[in-house]
>>> print(open('upload-v4.cif').read())   # mmCIF, C-alpha atoms
data_entry
#
loop_
_atom_site.label_atom_id
_atom_site.label_comp_id
_atom_site.auth_asym_id
_atom_site.auth_seq_id
_atom_site.Cartn_x
_atom_site.Cartn_y
_atom_site.Cartn_z
CA MET T 26 60.70 99.07 100.26
CA ASP T 27 58.43 97.62 97.56
CA LEU T 28 58.13 99.67 94.41
CA PRO T 29 54.61 100.44 93.13
CA VAL T 30 53.47 98.47 90.17
CA THR T 31 53.17 100.68 87.09
CA ASP T 32 50.68 100.19 84.33
CA SER T 33 53.41 98.94 82.08
CA GLY T 34 54.43 96.46 84.72
CA VAL T 35 50.88 95.17 84.95
CA ASP T 36 50.74 94.85 81.18
CA GLN T 37 53.96 92.85 81.19
CA LYS T 38 52.59 90.59 83.88
CA PHE T 39 49.45 89.80 81.92
CA GLU T 40 51.47 89.33 78.76
CA SER T 41 53.53 86.64 80.49
CA LEU T 42 50.36 84.90 81.58
CA ASN T 43 48.96 85.06 78.08
CA ASP T 44 52.08 83.51 76.66
CA GLY T 45 50.78 80.18 77.94
CA ALA T 46 53.97 79.39 79.83
CA PRO T 47 53.22 76.89 82.63
CA LEU T 48 53.61 78.30 86.11
CA PHE T 49 53.52 75.13 88.21
CA HIS T 50 56.13 72.41 87.98
CA CYS T 51 56.08 68.89 89.36
CA ASN T 52 59.21 68.56 91.48
CA LEU T 53 58.97 64.85 92.25
CA PHE T 54 62.03 62.64 91.89
CA ASP T 55 63.01 59.01 92.13
CA SER T 56 63.54 59.01 95.89
CA GLU T 57 65.81 55.96 95.82
CA VAL T 58 68.25 57.55 93.35
CA LEU T 59 68.02 60.89 95.13
CA HIS T 60 68.90 59.33 98.49
CA LYS T 61 71.89 57.47 97.04
CA ILE T 62 73.23 60.69 95.53
CA GLY T 63 72.88 62.35 98.93
CA GLN T 64 74.88 59.50 100.46
CA ILE T 65 77.71 60.04 97.96
CA LEU T 66 78.28 63.68 98.88
CA LEU T 67 79.45 63.30 102.49
CA PRO T 68 82.25 60.72 101.85
CA GLY T 69 83.30 62.83 98.85
CA LEU T 70 83.63 65.92 101.03
CA ALA T 71 85.52 63.94 103.69
CA THR T 72 87.95 62.64 101.06
CA ALA T 73 88.62 66.13 99.72
CA CYS T 74 89.19 67.56 103.23
CA VAL T 75 91.52 64.76 104.36
CA ASP T 76 93.63 64.79 101.17
CA ASN T 77 93.82 68.60 101.24
CA THR T 78 95.27 68.67 104.76
CA SER T 79 97.38 65.51 104.90
CA GLY T 80 100.88 66.26 106.13
CA ASP T 81 99.87 69.83 107.09
CA LEU T 82 100.69 70.67 110.70
CA PHE T 83 98.49 73.76 110.78
CA LYS T 84 95.28 72.51 109.16
CA SER T 85 92.84 69.74 109.94
CA PRO T 86 89.99 68.37 107.82
CA ALA T 87 87.45 70.09 110.08
CA SER T 88 89.14 73.49 109.66
CA VAL T 89 88.66 73.47 105.87
CA ALA T 90 85.33 71.64 105.68
CA VAL T 91 83.13 74.75 105.32
CA ASP T 92 85.15 76.27 102.50
CA ILE T 93 85.64 73.00 100.65
CA ARG T 94 81.94 72.16 100.94
CA LYS T 95 81.05 75.43 99.22
CA GLU T 96 83.62 74.80 96.50
CA MET T 97 82.33 71.27 96.07
CA VAL T 98 78.69 72.33 95.67
CA ASP T 99 79.62 75.03 93.16
CA TYR T 100 81.76 72.56 91.22
CA LEU T 101 79.07 69.88 91.10
CA VAL T 102 76.35 72.31 90.03
CA GLN T 103 78.58 73.71 87.30
CA ARG T 104 79.52 70.25 86.03
CA SER T 105 75.91 69.10 86.06
CA GLU T 106 74.76 72.19 84.16
CA SER T 107 77.28 71.55 81.42
CA PHE T 108 76.73 67.79 81.44
CA VAL T 109 74.55 67.70 78.32
CA ALA T 110 77.17 69.56 76.31
CA GLU T 111 79.96 67.40 77.74
CA SER T 112 78.12 64.21 76.83
CA LEU T 113 78.16 65.25 73.16
CA ILE T 114 81.94 65.60 73.04
CA GLU T 115 83.61 63.05 70.82
CA GLU T 116 84.50 59.67 72.30
CA GLY T 117 87.85 59.64 74.05
CA SER T 118 87.36 62.89 75.89
CA PRO T 119 87.86 62.65 79.66
CA TYR T 120 84.47 64.28 80.11
CA VAL T 121 82.51 61.54 78.38
CA PRO T 122 80.84 59.51 81.17
CA THR T 123 81.41 55.78 81.32
CA SER T 124 77.81 55.25 82.49
CA ASP T 125 74.54 57.04 81.84
CA HIS T 126 73.13 56.40 85.32
CA PRO T 127 72.94 59.55 87.48
CA ILE T 128 74.53 57.88 90.51
CA ASP T 129 77.60 56.86 88.47
CA ILE T 130 77.83 60.25 86.76
CA ILE T 131 77.70 62.23 90.01
CA SER T 132 80.12 59.79 91.65
CA ASP T 133 82.59 60.63 88.88
CA PHE T 134 82.02 64.36 89.46
CA VAL T 135 82.66 63.96 93.19
CA ALA T 136 85.80 61.88 92.58
CA ASP T 137 87.12 64.51 90.15
CA PHE T 138 86.56 67.26 92.69
CA ALA T 139 88.21 65.30 95.52
CA SER T 140 91.19 64.59 93.26
CA SER T 141 91.55 68.29 92.46
CA LYS T 142 91.86 69.11 96.19
CA GLN T 143 94.84 66.84 96.86
CA ASN T 144 97.82 68.77 98.19
CA LEU T 145 101.43 68.19 97.17
CA PHE T 146 102.08 65.79 100.03
CA SER T 147 99.14 63.60 98.94
CA ARG T 148 100.31 63.53 95.34
CA ILE T 149 103.99 62.65 95.81
CA SER T 150 103.77 60.36 98.83
CA GLY T 151 102.17 56.97 99.17
CA TRP T 152 99.35 58.55 101.15
CA LEU T 153 96.66 57.78 98.57
CA LEU T 154 97.33 54.04 98.87
CA SER T 155 97.67 53.85 102.64
CA GLU T 156 95.14 52.21 104.93
CA ASN T 157 95.53 55.11 107.35
CA ARG T 158 94.00 57.43 104.72
CA GLU T 159 90.82 55.32 104.45
CA ASP T 160 90.54 55.21 108.24
CA LYS T 161 90.84 58.99 108.50
CA ILE T 162 88.19 59.49 105.82
CA ASP T 163 85.79 57.12 107.60
CA ASP T 164 86.44 58.82 110.94
CA PHE T 165 85.79 62.27 109.48
CA VAL T 166 82.55 61.08 107.87
CA GLN T 167 81.36 59.84 111.27
CA GLU T 168 82.46 63.09 112.89
CA MET T 169 80.42 65.17 110.43
CA GLU T 170 77.38 62.91 110.79
CA SER T 171 77.45 63.05 114.59
CA SER T 172 77.84 66.83 114.64
CA GLY T 173 75.13 67.38 112.01
CA PHE T 174 77.56 69.34 109.85
CA TRP T 175 75.85 68.52 106.53
CA LEU T 176 72.41 67.05 107.18
CA MET T 177 70.86 64.65 104.69
CA GLU T 178 67.95 67.03 104.16
CA ARG T 179 70.30 69.70 102.80
CA ARG T 180 72.22 67.18 100.73
CA LEU T 181 68.96 65.99 99.17
CA ALA T 182 68.12 69.55 98.13
CA ILE T 183 71.44 69.76 96.30
CA SER T 184 70.90 66.27 94.89
CA GLN T 185 67.61 67.41 93.33
CA THR T 186 69.40 70.18 91.44
CA LEU T 187 72.14 67.83 90.25
CA LEU T 188 69.69 65.11 89.20
CA LYS T 189 67.45 67.53 87.30
CA ASN T 190 70.46 68.92 85.42
CA ILE T 191 71.85 65.60 84.22
CA ASP T 192 68.60 63.68 83.78
CA PHE T 193 67.69 65.41 80.53
CA LYS T 194 65.61 62.40 79.43
CA ALA T 195 63.46 62.72 82.57
CA ILE T 196 63.92 59.07 83.51
CA PHE T 197 64.51 59.77 87.20
CA HIS T 198 62.37 62.88 87.76
CA CYS T 199 59.06 64.29 86.55
CA LYS T 200 59.21 67.15 84.08
CA MET T 201 55.48 67.84 83.87
CA ASN T 202 54.35 71.48 84.05
CA PHE T 203 50.86 72.87 84.68
CA ASN T 204 49.01 76.15 84.38
CA THR T 205 47.03 75.84 87.60
CA ALA T 206 47.70 74.63 91.12
CA GLU T 207 44.64 72.38 90.88
CA ASP T 208 46.08 70.58 87.86
CA LEU T 209 49.39 70.14 89.68
CA THR T 210 47.67 68.74 92.78
CA GLU T 211 45.67 66.30 90.68
CA HIS T 212 48.84 65.20 88.90
CA ASN T 213 50.79 64.76 92.14
CA ASN T 214 48.21 62.23 93.32
CA LEU T 215 48.88 60.13 90.22
CA CYS T 216 52.53 60.88 89.41
CA SER T 217 54.69 57.78 89.14
CA PHE T 218 57.35 59.57 91.23
CA ARG T 219 54.98 60.24 94.15
CA SER T 220 56.13 58.88 97.48
CA MET T 221 54.41 55.81 98.89
CA ASN T 222 54.71 53.81 102.09
CA CYS T 223 54.64 50.04 102.16
CA THR T 224 51.29 48.72 103.38
CA ASN T 225 52.67 45.45 104.75
CA GLU T 226 52.42 45.39 108.53
CA GLY T 227 55.77 46.07 110.17
CA CYS T 228 57.45 47.52 107.05
CA ARG T 229 58.49 51.17 107.18
CA ALA T 230 59.89 51.42 103.66
CA SER T 231 59.12 54.46 101.55
CA PHE T 232 59.53 54.45 97.78
CA CYS T 233 58.29 55.92 94.50
CA ALA T 234 55.04 54.61 93.11
CA MET T 235 56.96 53.25 90.12
CA HIS T 236 58.97 51.02 92.48
CA MET T 237 55.99 49.59 94.32
CA GLU T 238 56.05 46.29 92.43
CA LYS T 239 59.83 46.05 92.80
CA HIS T 240 59.56 46.53 96.57
CA ASP T 241 56.67 44.11 96.81
CA LEU T 242 58.90 41.39 95.34
CA ILE T 243 61.51 41.81 98.08
CA CYS T 244 59.58 43.18 101.07
CA PRO T 245 60.51 41.01 104.09
CA PHE T 246 57.15 41.69 105.74
CA LYS T 247 54.94 40.57 102.84
CA ILE T 248 52.77 37.60 103.81
CA LEU T 249 53.06 34.71 101.36
CA PRO T 250 51.67 31.19 101.04
CA CYS T 251 54.04 28.54 102.28
CA GLU T 252 56.61 27.62 99.62
CA GLN T 253 56.12 23.95 100.50
CA LYS T 254 52.36 24.17 99.93
CA CYS T 255 51.18 23.75 103.50
CA SER T 256 48.08 25.66 104.64
CA GLU T 257 50.07 28.36 106.49
CA SER T 258 50.84 31.91 105.28
CA ILE T 259 54.10 33.40 106.53
CA THR T 260 56.06 36.63 106.07
CA ARG T 261 58.88 36.43 103.56
CA ARG T 262 61.54 36.95 106.23
CA GLU T 263 60.19 34.00 108.27
CA MET T 264 59.73 31.66 105.30
CA ASP T 265 63.06 29.85 105.49
CA ARG T 266 62.77 29.20 109.21
CA HIS T 267 59.20 27.96 108.80
CA CYS T 268 60.09 25.61 105.95
CA ILE T 269 63.01 24.12 107.88
CA THR T 270 61.50 23.83 111.37
CA LEU T 271 57.72 24.19 111.65
CA CYS T 272 56.22 23.37 108.27
CA PRO T 273 54.27 20.08 108.25
CA MET T 274 55.35 19.68 104.62
CA LYS T 275 59.06 19.90 105.35
CA ILE T 276 60.98 17.05 103.76
CA VAL T 277 62.39 14.53 106.24
CA ASN T 278 64.02 11.14 106.05
CA CYS T 279 61.89 8.11 106.76
CA PRO T 280 62.08 7.13 110.47
CA PHE T 281 63.58 3.83 109.29
CA TYR T 282 66.27 5.53 107.22
CA HIS T 283 69.10 4.14 109.36
CA VAL T 284 68.01 0.54 108.88
CA GLY T 285 67.53 0.75 105.13
CA CYS T 286 64.54 2.83 103.99
CA GLN T 287 65.95 5.62 101.84
CA SER T 288 62.67 7.48 101.31
CA SER T 289 62.44 11.26 101.78
CA ILE T 290 58.88 12.29 102.62
CA PRO T 291 56.86 15.32 103.83
CA HIS T 292 56.77 15.29 107.61
CA CYS T 293 52.97 15.23 107.73
CA THR T 294 52.84 12.01 105.68
CA THR T 295 55.08 10.01 108.01
CA LYS T 296 52.23 7.95 109.45
CA GLN T 297 50.82 7.21 106.01
CA HIS T 298 54.27 6.22 104.73
CA CYS T 299 54.88 3.90 107.68
CA SER T 300 51.54 2.22 107.05
CA GLU T 301 52.05 1.82 103.30
CA PHE T 302 55.60 0.53 103.62
CA LEU T 303 55.11 -1.57 106.76
CA GLN T 304 56.22 -4.76 105.03
CA SER T 305 59.49 -3.20 103.88
CA HIS T 306 60.16 -1.74 107.33
CA LEU T 307 59.52 -5.11 108.99
CA LEU T 308 62.00 -6.72 106.60
CA TYR T 309 64.63 -4.07 107.42
CA ILE T 310 64.15 -4.70 111.17
CA LEU T 311 64.40 -8.47 110.70
CA GLN T 312 67.59 -8.06 108.69
CA VAL T 313 69.10 -6.26 111.69
CA ILE T 314 67.91 -8.93 114.15
CA HIS T 315 68.76 -11.94 111.96
CA LYS T 316 71.84 -10.72 110.17
CA GLU T 317 72.80 -14.05 108.56
CA ALA T 318 69.34 -15.23 107.52
CA PRO T 319 68.43 -15.46 103.82
CA VAL T 320 66.08 -12.80 102.51
CA GLU T 321 63.46 -15.38 101.49
CA ASP T 322 63.32 -16.69 105.04
CA LEU T 323 62.91 -13.17 106.39
CA LYS T 324 60.13 -12.44 103.90
CA TYR T 325 58.28 -15.49 105.17
CA ARG T 326 58.79 -14.31 108.76
CA VAL T 327 57.29 -10.93 107.78
CA GLU T 328 54.10 -12.76 106.73
CA GLN T 329 54.12 -14.63 110.03
CA LEU T 330 54.48 -11.38 111.98
CA LYS T 331 51.55 -9.81 110.13
CA GLN T 332 49.41 -12.86 110.86
CA SER T 333 50.32 -13.01 114.54
CA SER T 334 49.56 -9.33 115.23
CA SER T 335 47.14 -6.70 113.97
CA ILE T 336 48.29 -4.41 111.18
CA GLU T 337 47.20 -1.43 113.29
CA GLN T 338 49.52 -2.41 116.12
CA LEU T 339 52.48 -2.77 113.80
CA SER T 340 51.68 0.47 111.96
CA GLU T 341 51.53 2.40 115.24
CA ALA T 342 55.26 1.81 115.71
CA GLN T 343 56.70 4.69 113.68
CA ASP T 344 60.33 4.51 114.71
CA VAL T 345 63.06 1.89 114.73
CA ARG T 346 63.09 1.36 118.50
CA SER T 347 59.33 0.80 118.83
CA LEU T 348 59.03 -1.53 115.85
CA THR T 349 62.14 -3.47 116.89
CA ARG T 350 60.63 -4.09 120.34
CA ILE T 351 57.36 -5.37 118.90
CA VAL T 352 59.11 -7.56 116.33
CA LYS T 353 61.33 -9.14 118.97
CA GLU T 354 58.32 -9.92 121.16
CA LEU T 355 56.43 -11.49 118.27
CA ASP T 356 59.56 -13.24 117.06
CA ALA T 357 59.93 -14.91 120.43
CA LYS T 358 56.31 -16.11 120.40
CA ILE T 359 56.50 -17.51 116.87
CA GLY T 360 59.67 -19.46 117.58
CA PRO T 361 62.87 -20.11 115.66
CA LEU T 362 63.20 -18.75 112.14
CA GLU T 363 62.00 -21.39 109.65
CA LYS T 364 63.77 -22.11 106.42
CA CYS T 365 61.66 -21.69 103.33
CA SER T 366 63.74 -24.08 101.14
CA ARG T 367 66.03 -27.06 101.51
CA SER T 368 69.11 -27.96 99.52
CA SER T 369 67.77 -31.27 97.96
CA GLY T 370 67.60 -30.25 94.35
CA GLY T 371 66.20 -26.88 95.34
CA GLU T 372 62.63 -28.14 94.66
CA ASP T 373 61.25 -29.04 98.14
CA HIS T 374 59.56 -26.07 99.77
CA THR T 375 58.04 -26.04 103.20
CA ASP T 376 55.74 -23.08 102.67
CA SER T 377 52.91 -23.07 100.16
CA ALA T 378 53.10 -19.33 99.63
CA VAL T 379 56.75 -19.51 98.62
CA VAL T 380 56.02 -22.49 96.38
CA SER T 381 53.25 -20.64 94.58
CA THR T 382 55.52 -17.63 94.17
CA HIS T 383 58.25 -19.70 92.57
CA VAL T 384 55.74 -21.46 90.33
CA ALA T 385 54.35 -18.14 89.16
CA GLU T 386 57.83 -16.83 88.43
CA GLU T 387 58.75 -20.00 86.55
CA THR T 388 55.56 -19.86 84.48
CA GLU T 389 56.18 -16.24 83.60
CA SER T 390 59.74 -17.10 82.58
CA ARG T 391 58.50 -19.93 80.33
CA GLU T 392 55.98 -17.63 78.65
CA GLN T 393 58.65 -15.05 77.95
CA SER T 394 60.90 -17.74 76.48
CA SER T 395 58.07 -18.95 74.25
CA GLN T 396 57.47 -15.43 72.95
CA GLU T 397 61.16 -14.87 72.26
CA THR T 398 61.46 -18.17 70.35
CA SER T 399 58.16 -17.94 68.43
CA GLY T 400 60.15 -17.63 65.21
CA ALA T 401 62.43 -20.64 65.93
CA SER T 402 62.51 -23.91 63.93
CA PRO T 403 59.89 -26.67 64.57
CA ASN T 404 62.55 -28.94 66.06
CA HIS T 405 63.58 -26.18 68.45
CA LYS T 406 59.94 -25.62 69.46
CA ALA T 407 59.54 -29.32 70.08
CA GLU T 408 62.57 -29.36 72.29
CA LEU T 409 61.18 -26.46 74.29
CA SER T 410 57.78 -28.13 74.67
CA ASN T 411 59.39 -31.40 75.79
CA SER T 412 61.40 -29.55 78.38
#
>>> encode(input="upload-v4.cif", output="structure tokens")
Amino acid sequence: MDLPVTDSGVDQKFESLNDGAPLFHCNLFDSEVLHKIGQILLPGLATACVDNTSGDLFKSPASVAVDIRKEMVDYLVQRSESFVAESLIEEGSPYVPTSDHPIDIISDFVADFASSKQNLFSRISGWLLSENREDKIDDFVQEMESSGFWLMERRLAISQTLLKNIDFKAIFHCKMNFNTAEDLTEHNNLCSFRSMNCTNEGCRASFCAMHMEKHDLICPFKILPCEQKCSESITRREMDRHCITLCPMKIVNCPFYHVGCQSSIPHCTTKQHCSEFLQSHLLYILQVIHKEAPVEDLKYRVEQLKQSSSIEQLSEAQDVRSLTRIVKELDAKIGPLEKCSRSSGGEDHTDSAVVSTHVAEETESREQSSQETSGASPNHKAELSNS
């Protein structure tokens, strides 16, 4: 039965309001950290139950789960409440945490509790190092999950208490307080710990507003421009497959790679490459057909092939088989391979183009020699001019 409110009680109520103490608290947390803490609790409970009943013929992990869960929650809350004081203890104390991250701190709390529940058999036998122990712990975790023994929702509620107690710097939860519900509502719409859903189509991720940019950098459903600069936009998870299989800008070997062209080119530029390097490709094909012929003779035959057929026809052949067929047909029409030079002194040339090439090379060589010897003696210069 509710007791009537006395005048003094009313006065006390108004006095508390006039004190200016905020009445509304923002209870938003870093959801990612909170969820990971909740995930730690169930394996910790399973470990404590298994180690507490190992070697016991009359107890099973399930038979002690309820009692040990209550002990575990009480222990964790107590440890978290005294965490600030413990963290100030001088270095070397077993209570000084090795990490300042809440997940690591609570993991240590859970491990300490599980260790305290080991029975005599667990301590003196090799049970703690056996593979059978890990299997039993995993099996009991699955058993509790399937039976709904300790739902994540309830574990998250406990995780909030633990996180608020140890996060005294308010890095992973919001500590803002407000005098009115309206102020709290307005804050919740802007709080960096407010929950958000990914807006990328197909993604169901939920995260704190402060992690939006972090998620955006890894979201597999985010649509991005092609990494190889083609005109397509693809989701991040499909990017690798696109770049390897479908992208017109994927890097491929020249179609004439196996006969000598070592170029690596974007797939969409294959036709352009074959057109620009037609002369080189023709030479590679001729070297396969006429294996023993000198290169100069083959170069001359390339010019003959280009004269006896249209450039367009030759450029249309964009693979070894097609170009080889055309070259052989033209080769047969032109006749036997002609020699560009004869052995008599090495000066008689049958083709004017080759002659002019050699003359140009010789002239260039003489000019270079003249420049290199510009500082030589007059007699030396005379000898060079006479030569």
>>> resolve_selection(input="upload-v4.cif", expression="the PyMOL selection byres ((chain T and resi 148-163) around 9)", output="list of chain:residue names")
T:Pro68, T:Ala71, T:Thr72, T:Cys74, T:Val75, T:Asp76, T:Ser79, T:Gln143, T:Asn144, T:Leu145, T:Phe146, T:Ser147, T:Asp164, T:Phe165, T:Val166, T:Gln167, T:Glu168
>>> resolve_selection(input="upload-v4.cif", expression="the PyMOL selection byres ((chain T and resi 255) around 12)", output="VMD selection string")
chain T and resid 249 to 254 256 to 259 264 267 to 268 271 to 276 291 to 293
>>> atom_distance(input="upload-v4.cif", atom1="CA of Val327 in chain T", atom2="CA of Ser300 in chain T")
14.4 Å
>>> residues_near_point(input="upload-v4.cif", point="(50.0, 75.5, 88.1)", cutoff="10 Å", atoms="all atoms listed in the file", output="mmCIF file with C-alpha atoms, in the frame of the given file")
data_model
loop_
_atom_site.group_PDB
_atom_site.id
_atom_site.type_symbol
_atom_site.label_atom_id
_atom_site.label_comp_id
_atom_site.auth_asym_id
_atom_site.auth_seq_id
_atom_site.Cartn_x
_atom_site.Cartn_y
_atom_site.Cartn_z
ATOM 1 C CA ALA T 46 53.970 79.390 79.830
ATOM 2 C CA PRO T 47 53.220 76.890 82.630
ATOM 3 C CA LEU T 48 53.610 78.300 86.110
ATOM 4 C CA PHE T 49 53.520 75.130 88.210
ATOM 5 C CA HIS T 50 56.130 72.410 87.980
ATOM 6 C CA CYS T 51 56.080 68.890 89.360
ATOM 7 C CA ASN T 202 54.350 71.480 84.050
ATOM 8 C CA PHE T 203 50.860 72.870 84.680
ATOM 9 C CA ASN T 204 49.010 76.150 84.380
ATOM 10 C CA THR T 205 47.030 75.840 87.600
ATOM 11 C CA ALA T 206 47.700 74.630 91.120
ATOM 12 C CA GLU T 207 44.640 72.380 90.880
ATOM 13 C CA ASP T 208 46.080 70.580 87.860
ATOM 14 C CA LEU T 209 49.390 70.140 89.680
ATOM 15 C CA THR T 210 47.670 68.740 92.780
#
>>> resolve_selection(input="upload-v4.cif", expression="the PyMOL selection byres ((chain T and resi 129-136) around 9)", output="CSV table (one decimal) with C-alpha atoms, in the frame of the given file")
chain,number,residue,atom,x,y,z
T,62,ILE,CA,73.2,60.7,95.5
T,65,ILE,CA,77.7,60.0,98.0
T,66,LEU,CA,78.3,63.7,98.9
T,69,GLY,CA,83.3,62.8,98.8
T,70,LEU,CA,83.6,65.9,101.0
T,72,THR,CA,88.0,62.6,101.1
T,73,ALA,CA,88.6,66.1,99.7
T,97,MET,CA,82.3,71.3,96.1
T,100,TYR,CA,81.8,72.6,91.2
T,101,LEU,CA,79.1,69.9,91.1
T,104,ARG,CA,79.5,70.2,86.0
T,105,SER,CA,75.9,69.1,86.1
T,122,PRO,CA,80.8,59.5,81.2
T,123,THR,CA,81.4,55.8,81.3
T,124,SER,CA,77.8,55.2,82.5
T,125,ASP,CA,74.5,57.0,81.8
T,126,HIS,CA,73.1,56.4,85.3
T,127,PRO,CA,72.9,59.6,87.5
T,128,ILE,CA,74.5,57.9,90.5
T,137,ASP,CA,87.1,64.5,90.2
T,138,PHE,CA,86.6,67.3,92.7
T,139,ALA,CA,88.2,65.3,95.5
T,140,SER,CA,91.2,64.6,93.3
T,141,SER,CA,91.6,68.3,92.5
T,187,LEU,CA,72.1,67.8,90.2
T,188,LEU,CA,69.7,65.1,89.2
T,191,ILE,CA,71.8,65.6,84.2
>>> closest_residue(input="upload-v4.cif", among="T:Ser335, T:Ser340, T:Ser85, T:Ser171", to="Lys296 in chain T", atoms="all atoms listed in the file")
T:Ser340
>>> closest_residue(input="upload-v4.cif", among="T:His283, T:Arg180, T:Lys142, T:Lys200", to="Val89 in chain T", atoms="all atoms listed in the file")
T:Lys142
>>> atom_distance(input="upload-v4.cif", atom1="CA of Asn190 in chain T", atom2="CA of Glu106 in chain T")
5.5 Å
>>> closest_residue(input="upload-v4.cif", among="T:Leu176, T:Val284, T:Ile336, T:Val320", to="Lys364 in chain T", atoms="all atoms listed in the file")
T:Val320
>>> closest_residue(input="upload-v4.cif", among="T:Gln103, T:Ser334, T:Lys61, T:Val109", to="Phe193 in chain T", atoms="only C-alpha atoms")
T:Val109
>>> atom_distance(input="upload-v4.cif", atom1="CA of Thr186 in chain T", atom2="CA of Ser172 in chain T")
24.9 Å
>>> closest_residue(input="upload-v4.cif", among="T:Ser56, T:Lys316, T:Thr260, T:Leu362", to="Gln329 in chain T", atoms="all atoms listed in the file")
T:Leu362
>>> residues_around(input="upload-v4.cif", residues="Phe232 in chain T", least_positions_apart="2", cutoff="12 Å", atoms="only C-alpha atoms", output="JSON, numbers by chain")
{"T": [53, 54, 55, 56, 57, 58, 59, 60, 217, 218, 219, 220, 221, 222, 223, 224, 228, 229, 230, 234, 235, 236, 237, 238, 239, 240, 241, 244]}
>>> residues_near_point(input="upload-v4.cif", point="(59.2, 11.5, 99.7)", cutoff="12 Å", atoms="only C-alpha atoms", output="PyMOL selection string")
chain T and resi 274-280+282+286-295+297-299
>>> residues_around(input="upload-v4.cif", residues="His315 in chain T", least_positions_apart="5", cutoff="12 Å", atoms="all atoms listed in the file", output="list in words")
Leu307, Leu308, Tyr309, Ile310, Val320, Asp322, Leu323, Lys324, Arg326, Thr349, Val352, Lys353, Asp356, Pro361, Leu362 and Glu363 of chain T
>>> axis_aligned_box(input="upload-v4.cif", around="range 277-295 of chain T", padding_each_side="6 Å", output="lines of an AutoDock Vina configuration file")
center_x = 61.0
center_y = 7.9
center_z = 105.9
size_x = 28.3
size_y = 26.8
size_z = 21.2
>>> decode(input="upload-v4.cif", residues="range 235-246 of chain T", atoms="N, CA, C and O atoms", output="mmCIF file, in the first residue's frame")
data_model
loop_
_atom_site.group_PDB
_atom_site.id
_atom_site.type_symbol
_atom_site.label_atom_id
_atom_site.label_comp_id
_atom_site.auth_asym_id
_atom_site.auth_seq_id
_atom_site.Cartn_x
_atom_site.Cartn_y
_atom_site.Cartn_z
ATOM 1 N N MET T 235 29.855 7.042 -34.368
ATOM 2 C CA MET T 235 31.286 7.334 -34.410
ATOM 3 C C MET T 235 32.060 6.344 -35.284
ATOM 4 O O MET T 235 33.176 6.624 -35.716
ATOM 5 N N HIS T 236 31.462 5.187 -35.552
ATOM 6 C CA HIS T 236 32.129 4.170 -36.365
ATOM 7 C C HIS T 236 31.633 4.162 -37.810
ATOM 8 O O HIS T 236 31.973 3.251 -38.565
ATOM 9 N N MET T 237 30.838 5.152 -38.178
ATOM 10 C CA MET T 237 30.281 5.159 -39.527
ATOM 11 C C MET T 237 31.377 5.207 -40.593
ATOM 12 O O MET T 237 31.355 4.462 -41.570
ATOM 13 N N GLU T 238 32.347 6.082 -40.404
ATOM 14 C CA GLU T 238 33.431 6.191 -41.378
ATOM 15 C C GLU T 238 34.261 4.914 -41.421
ATOM 16 O O GLU T 238 34.657 4.456 -42.499
ATOM 17 N N LYS T 239 34.510 4.336 -40.244
ATOM 18 C CA LYS T 239 35.265 3.083 -40.179
ATOM 19 C C LYS T 239 34.544 1.973 -40.940
ATOM 20 O O LYS T 239 35.162 1.218 -41.702
ATOM 21 N N HIS T 240 33.229 1.868 -40.759
ATOM 22 C CA HIS T 240 32.467 0.848 -41.474
ATOM 23 C C HIS T 240 32.444 1.131 -42.969
ATOM 24 O O HIS T 240 32.543 0.212 -43.790
ATOM 25 N N ASP T 241 32.331 2.402 -43.312
ATOM 26 C CA ASP T 241 32.265 2.763 -44.726
ATOM 27 C C ASP T 241 33.525 2.327 -45.471
ATOM 28 O O ASP T 241 33.469 2.012 -46.662
ATOM 29 N N LEU T 242 34.655 2.294 -44.765
ATOM 30 C CA LEU T 242 35.918 1.919 -45.396
ATOM 31 C C LEU T 242 36.025 0.419 -45.645
ATOM 32 O O LEU T 242 36.883 -0.015 -46.429
ATOM 33 N N ILE T 243 35.174 -0.376 -44.982
ATOM 34 C CA ILE T 243 35.269 -1.831 -45.134
ATOM 35 C C ILE T 243 33.970 -2.474 -45.606
ATOM 36 O O ILE T 243 33.946 -3.680 -45.864
ATOM 37 N N CYS T 244 32.898 -1.682 -45.715
ATOM 38 C CA CYS T 244 31.597 -2.260 -46.068
ATOM 39 C C CYS T 244 31.670 -2.984 -47.405
ATOM 40 O O CYS T 244 32.024 -2.388 -48.428
ATOM 41 N N PRO T 245 31.343 -4.278 -47.443
ATOM 42 C CA PRO T 245 31.436 -5.040 -48.697
ATOM 43 C C PRO T 245 30.389 -4.642 -49.723
ATOM 44 O O PRO T 245 30.514 -4.985 -50.900
ATOM 45 N N PHE T 246 29.357 -3.913 -49.304
ATOM 46 C CA PHE T 246 28.280 -3.546 -50.223
ATOM 47 C C PHE T 246 28.411 -2.111 -50.750
ATOM 48 O O PHE T 246 27.578 -1.672 -51.533
#
